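K.L.:
The following file, protein-v2.cif, comprises mmCIF, C-alpha atoms:
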data_query
#
loop_
_atom_site.label_atom_id
_atom_site.label_comp_id
_atom_site.auth_asym_id
_atom_site.auth_seq_id
_atom_site.Cartn_x
_atom_site.Cartn_y
_atom_site.Cartn_z
CA MET A 1 30.35 -12.83 18.21
CA THR A 2 29.95 -9.23 17.03
CA LEU A 3 27.09 -6.74 16.91
CA GLN A 4 26.89 -7.24 13.17
CA THR A 5 26.22 -10.95 13.60
CA ILE A 6 23.57 -10.41 16.29
CA PHE A 7 21.46 -7.84 14.45
CA THR A 8 19.80 -8.30 11.09
CA ASP A 9 21.45 -7.10 7.90
CA LYS A 10 18.67 -4.53 7.52
CA VAL A 11 19.23 -3.07 10.99
CA ASN A 12 23.00 -3.03 10.47
CA SER A 13 22.54 -1.01 7.27
CA MET A 14 20.09 1.51 8.74
CA LYS A 15 20.49 4.88 10.42
CA PRO A 16 18.14 6.12 13.15
CA TYR A 17 15.24 8.30 11.99
CA HIS A 18 16.62 11.83 12.15
CA VAL A 19 14.58 14.57 13.83
CA PRO A 20 16.36 17.94 13.52
CA ASN A 21 16.85 20.18 16.53
CA SER A 22 14.12 22.83 16.45
CA SER A 23 15.01 24.74 19.60
CA GLY A 24 14.62 28.47 19.00
CA MET A 25 13.33 27.91 15.46
CA VAL A 26 10.12 28.81 13.66
CA LYS A 27 9.00 25.23 13.21
CA LEU A 28 7.47 24.67 9.76
CA ASP A 29 8.80 21.18 9.05
CA ALA A 30 6.58 18.51 10.64
CA MET A 31 2.95 19.16 9.61
CA GLU A 32 1.84 19.95 13.16
CA SER A 33 -0.82 22.46 14.06
CA PRO A 34 0.92 25.67 15.17
CA TYR A 35 -1.77 26.58 17.71
CA GLN A 36 -1.32 25.93 21.42
CA LEU A 37 -4.27 25.52 23.77
CA PRO A 38 -5.78 28.66 25.36
CA ASN A 39 -4.88 29.09 29.04
CA GLU A 40 -8.35 28.23 30.35
CA MET A 41 -8.39 25.01 28.32
CA ARG A 42 -4.89 24.14 29.53
CA GLN A 43 -5.96 24.60 33.14
CA ALA A 44 -9.06 22.46 32.68
CA LEU A 45 -7.00 19.75 31.01
CA GLY A 46 -4.43 19.85 33.82
CA THR A 47 -7.13 19.53 36.45
CA MET A 48 -8.66 16.55 34.68
CA LEU A 49 -5.31 14.80 34.24
CA SER A 50 -4.47 15.31 37.93
CA LEU A 51 -7.38 13.03 38.83
CA ILE A 52 -6.09 10.07 36.80
CA ASN A 53 -4.76 7.18 38.90
CA ILE A 54 -1.46 6.51 37.17
CA ASN A 55 -0.71 3.62 39.54
CA ARG A 56 -3.15 1.53 37.51
CA TYR A 57 -2.85 0.16 33.99
CA PRO A 58 -5.10 1.82 31.43
CA ASN A 59 -8.22 0.27 29.94
CA SER A 60 -6.55 -2.05 27.48
CA CYS A 61 -9.13 -1.56 24.73
CA SER A 62 -9.60 2.18 25.39
CA THR A 63 -13.34 1.51 25.29
CA SER A 64 -14.69 4.96 26.16
CA LEU A 65 -12.17 6.71 23.90
CA VAL A 66 -13.04 4.45 20.96
CA ALA A 67 -16.71 5.29 21.46
CA LYS A 68 -15.92 9.01 21.49
CA ILE A 69 -13.76 8.77 18.36
CA LYS A 70 -16.55 6.96 16.50
CA GLN A 71 -19.00 9.65 17.56
CA ARG A 72 -16.82 12.67 16.81
CA PHE A 73 -15.59 11.46 13.41
CA ASP A 74 -18.87 9.93 12.17
CA ILE A 75 -17.54 6.38 11.98
CA PRO A 76 -20.39 3.93 11.33
CA ASP A 77 -21.32 1.79 14.34
CA ASP A 78 -20.85 -1.44 12.39
CA LEU A 79 -17.13 -0.80 11.78
CA GLY A 80 -14.36 -1.78 14.17
CA VAL A 81 -11.79 0.66 15.57
CA ILE A 82 -8.32 -0.10 16.95
CA LEU A 83 -6.09 2.56 18.54
CA GLY A 84 -2.35 3.00 18.16
CA ASN A 85 0.43 5.37 19.10
CA GLY A 86 0.06 7.52 16.03
CA SER A 87 -0.16 6.06 12.53
CA ASP A 88 3.30 4.54 12.95
CA GLU A 89 2.18 1.87 15.42
CA LEU A 90 -0.87 1.10 13.27
CA ILE A 91 1.37 0.58 10.23
CA GLN A 92 3.52 -1.72 12.35
CA MET A 93 0.45 -3.70 13.50
CA ILE A 94 -0.81 -4.10 9.94
CA LEU A 95 2.52 -5.40 8.67
CA MET A 96 3.17 -7.64 11.68
CA ALA A 97 -0.21 -9.27 11.08
CA THR A 98 0.49 -9.89 7.38
CA MET A 99 4.23 -10.71 7.31
CA ARG A 100 4.06 -14.11 5.67
CA SER A 101 7.25 -15.38 4.07
CA GLY A 102 7.70 -13.67 0.70
CA ALA A 103 4.90 -11.15 1.28
CA THR A 104 5.05 -7.95 -0.76
CA VAL A 105 4.06 -4.43 0.30
CA MET A 106 3.33 -1.83 -2.38
CA SER A 107 2.66 1.91 -2.58
CA PRO A 108 3.14 4.82 -4.93
CA VAL A 109 6.42 6.69 -4.41
CA PRO A 110 7.31 9.13 -3.11
CA THR A 111 4.98 8.69 -0.16
CA PHE A 112 5.10 8.37 3.64
CA VAL A 113 8.47 6.79 4.38
CA MET A 114 7.25 4.54 7.19
CA TYR A 115 5.49 2.16 4.79
CA GLN A 116 8.78 1.07 3.26
CA HIS A 117 10.77 1.49 6.46
CA MET A 118 8.58 -0.82 8.53
CA ALA A 119 8.05 -3.35 5.75
CA GLU A 120 11.78 -3.82 5.25
CA ILE A 121 12.50 -4.02 8.99
CA LEU A 122 10.01 -6.88 9.17
CA GLY A 123 11.64 -8.65 6.22
CA MET A 124 8.87 -7.99 3.71
CA HIS A 125 9.48 -7.16 0.06
CA TYR A 126 8.64 -3.55 -0.81
CA ILE A 127 7.66 -2.31 -4.28
CA GLY A 128 7.34 1.41 -4.99
CA VAL A 129 5.57 2.56 -8.15
CA ASP A 130 6.82 5.96 -9.29
CA LEU A 131 4.46 8.90 -9.55
CA ARG A 132 4.65 11.10 -12.61
CA ALA A 133 6.74 14.28 -12.60
CA ASP A 134 3.59 16.35 -11.97
CA PHE A 135 2.87 14.21 -8.84
CA SER A 136 -0.07 12.42 -10.49
CA ILE A 137 -0.32 8.64 -10.56
CA ASP A 138 -0.14 6.52 -13.70
CA GLU A 139 -3.26 4.50 -12.93
CA ASP A 140 -2.69 1.82 -15.59
CA ALA A 141 0.92 1.31 -14.54
CA PHE A 142 -0.03 1.01 -10.87
CA LEU A 143 -2.82 -1.50 -11.54
CA ALA A 144 -0.45 -3.47 -13.76
CA ALA A 145 2.08 -3.56 -10.92
CA VAL A 146 -0.61 -4.84 -8.56
CA ASN A 147 -1.42 -7.66 -10.98
CA GLN A 148 2.26 -8.46 -11.49
CA HIS A 149 3.47 -8.43 -7.88
CA GLN A 150 0.29 -9.56 -6.07
CA PRO A 151 0.99 -7.54 -2.90
CA SER A 152 -0.36 -8.60 0.46
CA VAL A 153 -0.65 -4.94 1.49
CA ILE A 154 -1.04 -1.75 -0.55
CA PHE A 155 -0.70 1.65 1.11
CA LEU A 156 -2.48 4.64 -0.47
CA ALA A 157 -2.05 7.93 1.35
CA TYR A 158 -5.27 9.88 0.79
CA PRO A 159 -4.07 12.64 0.35
CA ASN A 160 -0.43 11.83 -0.19
CA ASN A 161 2.53 12.97 1.88
CA PRO A 162 4.76 14.57 0.62
CA THR A 163 3.02 15.59 -2.63
CA GLY A 164 -0.26 16.78 -1.09
CA VAL A 165 -2.27 15.21 -3.94
CA LEU A 166 -5.63 13.49 -3.39
CA LEU A 167 -6.06 10.41 -5.56
CA ASP A 168 -9.16 10.02 -7.71
CA LYS A 169 -11.67 8.03 -5.68
CA HIS A 170 -12.72 5.91 -8.65
CA PHE A 171 -9.09 4.84 -8.99
CA VAL A 172 -8.94 3.98 -5.28
CA ARG A 173 -11.98 1.76 -5.79
CA LYS A 174 -10.27 0.04 -8.75
CA VAL A 175 -7.20 -0.67 -6.61
CA ILE A 176 -9.34 -2.19 -3.87
CA GLU A 177 -11.18 -4.38 -6.38
CA THR A 178 -7.93 -5.46 -8.09
CA ALA A 179 -5.84 -6.07 -4.96
CA PRO A 180 -5.38 -9.66 -3.79
CA GLY A 181 -4.79 -8.41 -0.24
CA LEU A 182 -5.42 -5.39 1.96
CA VAL A 183 -5.56 -1.79 0.78
CA ILE A 184 -4.67 0.67 3.54
CA LEU A 185 -6.12 4.14 3.06
CA ASP A 186 -4.03 6.57 5.10
CA GLU A 187 -6.14 9.64 5.84
CA ALA A 188 -3.69 11.45 8.11
CA TYR A 189 -4.66 14.79 6.51
CA THR A 190 -8.39 14.20 6.20
CA ALA A 191 -9.23 17.40 8.12
CA TYR A 192 -7.75 19.43 5.25
CA ALA A 193 -8.95 17.31 2.32
CA CYS A 194 -12.06 17.78 0.19
CA ASP A 195 -13.09 14.12 0.40
CA THR A 196 -12.82 10.96 2.48
CA ALA A 197 -12.90 7.30 1.51
CA MET A 198 -14.66 6.21 4.70
CA ASP A 199 -17.69 5.02 2.71
CA LEU A 200 -15.57 2.38 0.96
CA LEU A 201 -14.90 0.47 4.17
CA ALA A 202 -18.41 -0.90 4.45
CA GLN A 203 -18.33 -1.99 0.80
CA TYR A 204 -14.99 -3.83 0.79
CA LYS A 205 -13.64 -6.19 3.43
CA ASN A 206 -10.07 -5.64 2.23
CA ALA A 207 -10.25 -1.84 2.68
CA VAL A 208 -8.71 -0.53 5.91
CA MET A 209 -8.31 3.08 7.02
CA ILE A 210 -5.78 4.67 9.34
CA ARG A 211 -5.94 8.20 10.68
CA THR A 212 -4.06 10.28 13.24
CA LEU A 213 -4.92 13.15 15.56
CA SER A 214 -1.43 14.60 15.08
CA LYS A 215 -2.34 16.99 12.26
CA ILE A 216 -5.20 18.68 14.14
CA GLY A 217 -3.31 19.84 17.21
CA LEU A 218 -2.60 16.66 19.19
CA ALA A 219 0.78 15.55 17.82
CA GLY A 220 2.22 15.39 21.34
CA ILE A 221 -0.09 12.61 22.54
CA ARG A 222 0.72 10.27 19.60
CA LEU A 223 -2.74 8.86 18.95
CA GLY A 224 -4.05 7.25 15.78
CA TYR A 225 -6.93 4.97 14.93
CA LEU A 226 -7.58 2.15 12.47
CA VAL A 227 -11.03 1.51 11.00
CA ALA A 228 -12.08 -1.71 9.27
CA GLN A 229 -14.84 -4.25 9.16
CA PRO A 230 -15.02 -5.89 12.62
CA ASP A 231 -13.54 -9.29 11.73
CA VAL A 232 -10.61 -7.59 9.98
CA ALA A 233 -10.04 -5.20 12.90
CA ALA A 234 -10.08 -8.20 15.25
CA GLN A 235 -7.10 -9.70 13.41
CA PHE A 236 -5.05 -6.55 14.01
CA ASP A 237 -6.11 -6.52 17.66
CA LYS A 238 -4.27 -9.82 18.07
CA VAL A 239 -0.90 -8.13 17.43
CA ARG A 240 -1.66 -4.93 19.37
CA MET A 241 0.37 -4.70 22.56
CA PRO A 242 -1.76 -4.74 25.74
CA TYR A 243 -2.27 -1.31 27.34
CA ASN A 244 -0.69 0.36 24.31
CA ILE A 245 -2.55 3.67 24.83
CA ASN A 246 -1.51 5.12 28.17
CA LEU A 247 -3.90 6.74 30.64
CA LEU A 248 -2.68 10.30 30.05
CA THR A 249 -3.12 9.97 26.30
CA GLN A 250 -6.59 8.48 26.72
CA GLY A 251 -7.61 11.23 29.14
CA THR A 252 -6.21 14.04 26.99
CA ALA A 253 -7.86 12.68 23.85
CA ARG A 254 -11.26 12.35 25.53
CA PHE A 255 -10.96 15.91 26.83
CA MET A 256 -9.91 17.35 23.48
CA LEU A 257 -12.60 15.52 21.54
CA ASP A 258 -15.07 17.48 23.66
CA GLN A 259 -13.39 20.64 22.31
CA MET A 260 -14.07 19.95 18.63
CA GLY A 261 -15.26 23.52 18.13
CA TYR A 262 -11.78 24.76 19.02
CA ILE A 263 -10.07 22.08 16.90
CA ASP A 264 -12.26 22.91 13.89
CA HIS A 265 -11.57 26.62 14.39
CA CYS A 266 -7.81 25.98 14.26
CA VAL A 267 -8.16 23.86 11.11
CA LYS A 268 -10.06 26.70 9.43
CA ARG A 269 -7.34 29.19 10.44
CA ILE A 270 -4.70 26.92 8.94
CA MET A 271 -6.70 26.60 5.72
CA LYS A 272 -7.04 30.38 5.51
CA GLU A 273 -3.33 30.87 6.09
CA LYS A 274 -2.50 28.18 3.52
CA ALA A 275 -4.59 29.92 0.87
CA ALA A 276 -2.86 33.24 1.51
CA LEU A 277 0.61 31.67 1.52
CA TYR A 278 -0.14 29.72 -1.66
CA GLN A 279 -1.24 32.88 -3.44
CA TRP A 280 1.86 34.79 -2.32
CA LEU A 281 4.27 31.99 -3.27
CA GLY A 282 2.63 31.69 -6.66
CA LYS A 283 3.57 35.27 -7.48
CA ARG A 284 7.22 34.99 -6.51
CA LYS A 285 9.89 34.69 -9.17
CA GLY A 286 12.06 31.61 -8.72
CA ILE A 287 9.38 29.63 -6.86
CA THR A 288 6.94 27.03 -8.15
CA VAL A 289 4.23 26.17 -5.62
CA TYR A 290 1.96 23.14 -5.90
CA PRO A 291 -1.69 22.73 -4.86
CA SER A 292 -2.20 20.71 -1.69
CA GLU A 293 -5.05 18.94 0.13
CA THR A 294 -3.06 19.02 3.38
CA ASN A 295 -1.67 21.52 5.91
CA PHE A 296 1.60 21.92 3.97
CA LEU A 297 2.76 23.28 0.64
CA LEU A 298 5.49 22.03 -1.68
CA VAL A 299 7.68 24.60 -3.41
CA ARG A 300 10.37 24.08 -6.02
CA VAL A 301 13.32 26.48 -6.15
CA ASN A 302 16.56 26.57 -8.12
CA ASP A 303 18.73 25.37 -5.22
CA ALA A 304 16.77 23.77 -2.39
CA ASP A 305 19.86 22.99 -0.32
CA ALA A 306 20.96 26.63 -0.32
CA VAL A 307 17.49 28.01 0.44
CA PHE A 308 16.96 25.46 3.21
CA THR A 309 20.32 26.30 4.80
CA GLN A 310 19.72 30.05 4.70
CA LEU A 311 16.24 29.68 6.16
CA ARG A 312 17.60 27.54 8.98
CA ASP A 313 20.90 29.23 9.79
CA LYS A 314 20.20 32.90 9.10
CA HIS A 315 16.47 33.23 9.63
CA LYS A 316 15.90 30.44 12.18
CA ILE A 317 13.09 28.91 10.13
CA LEU A 318 12.96 25.13 9.85
CA VAL A 319 11.27 23.58 6.80
CA LYS A 320 11.70 20.11 5.27
CA ASN A 321 14.25 19.72 2.49
CA LEU A 322 13.03 16.92 0.20
CA HIS A 323 15.84 17.27 -2.33
CA GLY A 324 17.41 13.85 -2.88
CA TYR A 325 14.45 11.82 -1.60
CA HIS A 326 13.12 11.03 -5.09
CA PRO A 327 13.84 12.42 -8.58
CA ILE A 328 10.47 14.20 -8.80
CA LEU A 329 11.34 16.03 -5.57
CA ASP A 330 14.55 17.58 -6.87
CA ASN A 331 14.96 21.07 -5.37
CA VAL A 332 11.66 20.78 -3.50
CA LEU A 333 10.98 22.10 -0.01
CA ARG A 334 7.96 21.17 2.10
CA ILE A 335 6.55 24.04 4.16
CA THR A 336 4.08 23.38 6.96
CA VAL A 337 1.56 26.20 7.29
CA GLY A 338 2.23 28.14 10.49
CA ARG A 339 0.61 30.97 12.39
CA LYS A 340 0.13 34.29 10.67
CA LYS A 341 3.28 35.81 12.18
CA GLU A 342 5.34 32.72 11.33
CA ASN A 343 4.15 32.75 7.73
CA ALA A 344 4.96 36.47 7.51
CA LYS A 345 8.48 35.78 8.77
CA LEU A 346 8.85 33.08 6.13
CA ARG A 347 7.75 35.50 3.40
CA ASP A 348 10.24 38.13 4.59
CA ALA A 349 13.03 35.55 4.56
CA LEU A 350 12.17 34.33 1.07
CA ARG A 351 12.08 37.93 -0.21
CA GLU A 352 15.66 38.29 0.97
CA ILE A 353 16.86 34.87 -0.23
CA LEU A 354 15.06 34.97 -3.58
CA PRO A 355 14.75 38.65 -4.53
CA LYS A 356 12.82 39.67 -7.64
#
Represent the structure from my file as structure tokens, please.
P.N.:
Amino acid sequence: MTLQTIFTDKVNSMKPYHVPNSSGMVKLDAMESPYQLPNEMRQALGTMLSLININRYPNSCSTSLVAKIKQRFDIPDDLGVILGNGSDELIQMILMATMRSGATVMSPVPTFVMYQHMAEILGMHYIGVDLRADFSIDEDAFLAAVNQHQPSVIFLAYPNNPTGVLLDKHFVRKVIETAPGLVILDEAYTAYACDTAMDLLAQYKNAVMIRTLSKIGLAGIRLGYLVAQPDVAAQFDKVRMPYNINLLTQGTARFMLDQMGYIDHCVKRIMKEKAALYQWLGKRKGITVYPSETNFLLVRVNDADAVFTQLRDKHKILVKNLHGYHPILDNVLRITVGRKKENAKLRDALREILPK
């Protein structure tokens, strides 16, 4: 007996998800909020957490936190909510609950890598439908693929990561009406987008939404939520691990959801910084910058590998190099919007690397 015979062929062929070392770097690679909590808020949070009895298991259904999430994010009372450790666990729950033999999962590509990653780990068939070179979707081709492959689950990132594009809502509705199975609307970046598809959930039983708190300043607590009609949400609850949201995460989330004024203020600062960075990048020779409904910007340069390496090694700035992920991402870098000083350092570095 060998390790290769014990583990699945898929696991044997995989490599662990790589997270680069960011120690000492200006971190502009992971779509986090760059803003730490003010000292007074930190102290209040610490005091609150010190009162939690960590010798006990958490409330398994996170009842009070679910109620607060529904209130803070205007989720209709007649919809069900399930919590997960970030969007990743929610994606896992969805696919575990639908992994019939021969089931197919579909999404546009390029998109969030965990859709394909988790589907293939669970032995499901994954179909990616290529976006156009300008990052738009060929609506007719996608709907044709849905009819051809009859997927059990379709993932639509709204807006999309890594392209930053928000799909046309009428097209999203067409996909939901055409799909033989579930359509998962991933609104990880909803705080930065001009629209939401939340209203579609009440209209269609097969429409499910997932969101995360990671992009609005709470990446460290790994909390996401799924919204669906109650009988659909109940099916996912069957595969949710008991006590999956720990007490410290529940307590921190409840505390921070009472600080929505601060969270909204940080989102507005990021949007302001994004607009300024977008304008500056658009004027630079050798850079093509793309519009985005998220907290990041995509830029295309002549040699992404070289620019990425110089930013990292010489200037200690970490961005995401997307070159090689998909043909439409050739020589593309993804830049998370940082604080004003961090964005200024990025501009100085790019002036040196890509002079006029």
K.L.:
Report as an MDAnalysis selection string all protein, DNA and RNA residues lying within 7 Å of region 64-78 of chain A, evaluated on only C-alpha atoms, omitting residues in the same chain fewer than 5 positions from it.
P.N.:
chainID A and resid 250 254 257
K.L.:
Can you measure CA of Asp168 (chain A) to CA of Val227 (chain A) for me? One decimal in Å is fine.
P.N.:
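Value for the CA of Asp168 (chain A)-CA of Val227 (chain A) distance: 20.6 Å.
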K.L.:
Using all atoms listed in the file, find the one residue out of A:His170, A:Pro291, A:Met93, A:Tyr17 that sits nearest to Lys238 (chain A).
P.N.:
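Of A:His170, A:Pro291, A:Met93, A:Tyr17, the one nearest Lys238 (chain A) is A:Met93, counting all atoms listed in the file.
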K.L.:
On this structure, the PyMOL selection byres ((chain A and resi 220) around 12) would catch which residues? List them as a PDB file with C-alpha atoms, in the frame of the given file, sorted by chain and number.
P.N.:
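Final output, saved to result-v3.pdb:
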ATOM      1  CA  ALA A  30       6.580  18.510  10.640  1.00  0.00           C
ATOM      2  CA  GLU A  32       1.840  19.950  13.160  1.00  0.00           C
ATOM      3  CA  SER A  33      -0.820  22.460  14.060  1.00  0.00           C
ATOM      4  CA  GLN A  36      -1.320  25.930  21.420  1.00  0.00           C
ATOM      5  CA  ASN A  85       0.430   5.370  19.100  1.00  0.00           C
ATOM      6  CA  GLY A  86       0.060   7.520  16.030  1.00  0.00           C
ATOM      7  CA  THR A 212      -4.060  10.280  13.240  1.00  0.00           C
ATOM      8  CA  LEU A 213      -4.920  13.150  15.560  1.00  0.00           C
ATOM      9  CA  SER A 214      -1.430  14.600  15.080  1.00  0.00           C
ATOM     10  CA  LYS A 215      -2.340  16.990  12.260  1.00  0.00           C
ATOM     11  CA  ILE A 216      -5.200  18.680  14.140  1.00  0.00           C
ATOM     12  CA  GLY A 217      -3.310  19.840  17.210  1.00  0.00           C
ATOM     13  CA  LEU A 218      -2.600  16.660  19.190  1.00  0.00           C
ATOM     14  CA  ALA A 219       0.780  15.550  17.820  1.00  0.00           C
ATOM     15  CA  ILE A 221      -0.090  12.610  22.540  1.00  0.00           C
ATOM     16  CA  ARG A 222       0.720  10.270  19.600  1.00  0.00           C
ATOM     17  CA  LEU A 223      -2.740   8.860  18.950  1.00  0.00           C
ATOM     18  CA  GLY A 224      -4.050   7.250  15.780  1.00  0.00           C
ATOM     19  CA  LEU A 248      -2.680  10.300  30.050  1.00  0.00           C
ATOM     20  CA  THR A 249      -3.120   9.970  26.300  1.00  0.00           C
ATOM     21  CA  THR A 252      -6.210  14.040  26.990  1.00  0.00           C
ATOM     22  CA  ALA A 253      -7.860  12.680  23.850  1.00  0.00           C
TER      23      ALA A 253
END
K.L.:
Given 3 Å on each side, where is the centre and what are the edge lengths in Å to one decimal of the axis-aligned box enclosing the listed atoms of region 281-290 of chain A, as AutoDock Vina command-line options?
P.N.:
--center_x 7.0 --center_y 29.2 --center_z -6.2 --size_x 16.1 --size_y 18.1 --size_z 11.9
K.L.:
Could you list, as a PDB file with C-alpha atoms, in the frame of the given file, every residue within 10 Å of Val153 (chain A), counting only C-alpha atoms and ignoring same-chain residues fewer than 3 positions away?
P.N.:
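Everything below was put into result_32.pdb:
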ATOM      1  CA  ILE A  94      -0.810  -4.100   9.940  1.00  0.00           C
ATOM      2  CA  LEU A  95       2.520  -5.400   8.670  1.00  0.00           C
ATOM      3  CA  THR A  98       0.490  -9.890   7.380  1.00  0.00           C
ATOM      4  CA  MET A  99       4.230 -10.710   7.310  1.00  0.00           C
ATOM      5  CA  ALA A 103       4.900 -11.150   1.280  1.00  0.00           C
ATOM      6  CA  THR A 104       5.050  -7.950  -0.760  1.00  0.00           C
ATOM      7  CA  VAL A 105       4.060  -4.430   0.300  1.00  0.00           C
ATOM      8  CA  MET A 106       3.330  -1.830  -2.380  1.00  0.00           C
ATOM      9  CA  SER A 107       2.660   1.910  -2.580  1.00  0.00           C
ATOM     10  CA  TYR A 115       5.490   2.160   4.790  1.00  0.00           C
ATOM     11  CA  ALA A 119       8.050  -3.350   5.750  1.00  0.00           C
ATOM     12  CA  TYR A 126       8.640  -3.550  -0.810  1.00  0.00           C
ATOM     13  CA  GLN A 150       0.290  -9.560  -6.070  1.00  0.00           C
ATOM     14  CA  LEU A 156      -2.480   4.640  -0.470  1.00  0.00           C
ATOM     15  CA  ALA A 179      -5.840  -6.070  -4.960  1.00  0.00           C
ATOM     16  CA  PRO A 180      -5.380  -9.660  -3.790  1.00  0.00           C
ATOM     17  CA  GLY A 181      -4.790  -8.410  -0.240  1.00  0.00           C
ATOM     18  CA  LEU A 182      -5.420  -5.390   1.960  1.00  0.00           C
ATOM     19  CA  VAL A 183      -5.560  -1.790   0.780  1.00  0.00           C
ATOM     20  CA  ILE A 184      -4.670   0.670   3.540  1.00  0.00           C
ATOM     21  CA  ASN A 206     -10.070  -5.640   2.230  1.00  0.00           C
TER      22      ASN A 206
END
K.L.:
Please indicate the distance in Å from CA of Thr294 (chain A) to CA of Ala191 (chain A), rounded to one decimal place.
P.N.:
7.9 Å
K.L.:
List the residues selected by the PyMOL selection byres ((chain A and resi 323-336) around 9) in the file shown, writing them as a PDB file with C-alpha atoms, keeping the file's coordinate frame.
P.N.:
ATOM      1  CA  LYS A  27       9.000  25.230  13.210  1.00  0.00           C
ATOM      2  CA  LEU A  28       7.470  24.670   9.760  1.00  0.00           C
ATOM      3  CA  ASP A  29       8.800  21.180   9.050  1.00  0.00           C
ATOM      4  CA  ALA A  30       6.580  18.510  10.640  1.00  0.00           C
ATOM      5  CA  MET A  31       2.950  19.160   9.610  1.00  0.00           C
ATOM      6  CA  GLU A  32       1.840  19.950  13.160  1.00  0.00           C
ATOM      7  CA  SER A  33      -0.820  22.460  14.060  1.00  0.00           C
ATOM      8  CA  VAL A 109       6.420   6.690  -4.410  1.00  0.00           C
ATOM      9  CA  PRO A 110       7.310   9.130  -3.110  1.00  0.00           C
ATOM     10  CA  LEU A 131       4.460   8.900  -9.550  1.00  0.00           C
ATOM     11  CA  ARG A 132       4.650  11.100 -12.610  1.00  0.00           C
ATOM     12  CA  ALA A 133       6.740  14.280 -12.600  1.00  0.00           C
ATOM     13  CA  ASP A 134       3.590  16.350 -11.970  1.00  0.00           C
ATOM     14  CA  PHE A 135       2.870  14.210  -8.840  1.00  0.00           C
ATOM     15  CA  PRO A 162       4.760  14.570   0.620  1.00  0.00           C
ATOM     16  CA  THR A 163       3.020  15.590  -2.630  1.00  0.00           C
ATOM     17  CA  LYS A 274      -2.500  28.180   3.520  1.00  0.00           C
ATOM     18  CA  ASN A 295      -1.670  21.520   5.910  1.00  0.00           C
ATOM     19  CA  PHE A 296       1.600  21.920   3.970  1.00  0.00           C
ATOM     20  CA  LEU A 297       2.760  23.280   0.640  1.00  0.00           C
ATOM     21  CA  LEU A 298       5.490  22.030  -1.680  1.00  0.00           C
ATOM     22  CA  VAL A 299       7.680  24.600  -3.410  1.00  0.00           C
ATOM     23  CA  ARG A 300      10.370  24.080  -6.020  1.00  0.00           C
ATOM     24  CA  VAL A 301      13.320  26.480  -6.150  1.00  0.00           C
ATOM     25  CA  ASN A 302      16.560  26.570  -8.120  1.00  0.00           C
ATOM     26  CA  ASP A 303      18.730  25.370  -5.220  1.00  0.00           C
ATOM     27  CA  ALA A 304      16.770  23.770  -2.390  1.00  0.00           C
ATOM     28  CA  ASP A 305      19.860  22.990  -0.320  1.00  0.00           C
ATOM     29  CA  VAL A 307      17.490  28.010   0.440  1.00  0.00           C
ATOM     30  CA  PHE A 308      16.960  25.460   3.210  1.00  0.00           C
ATOM     31  CA  LEU A 318      12.960  25.130   9.850  1.00  0.00           C
ATOM     32  CA  VAL A 319      11.270  23.580   6.800  1.00  0.00           C
ATOM     33  CA  LYS A 320      11.700  20.110   5.270  1.00  0.00           C
ATOM     34  CA  ASN A 321      14.250  19.720   2.490  1.00  0.00           C
ATOM     35  CA  LEU A 322      13.030  16.920   0.200  1.00  0.00           C
ATOM     36  CA  VAL A 337       1.560  26.200   7.290  1.00  0.00           C
ATOM     37  CA  GLY A 338       2.230  28.140  10.490  1.00  0.00           C
TER      38      GLY A 338
END
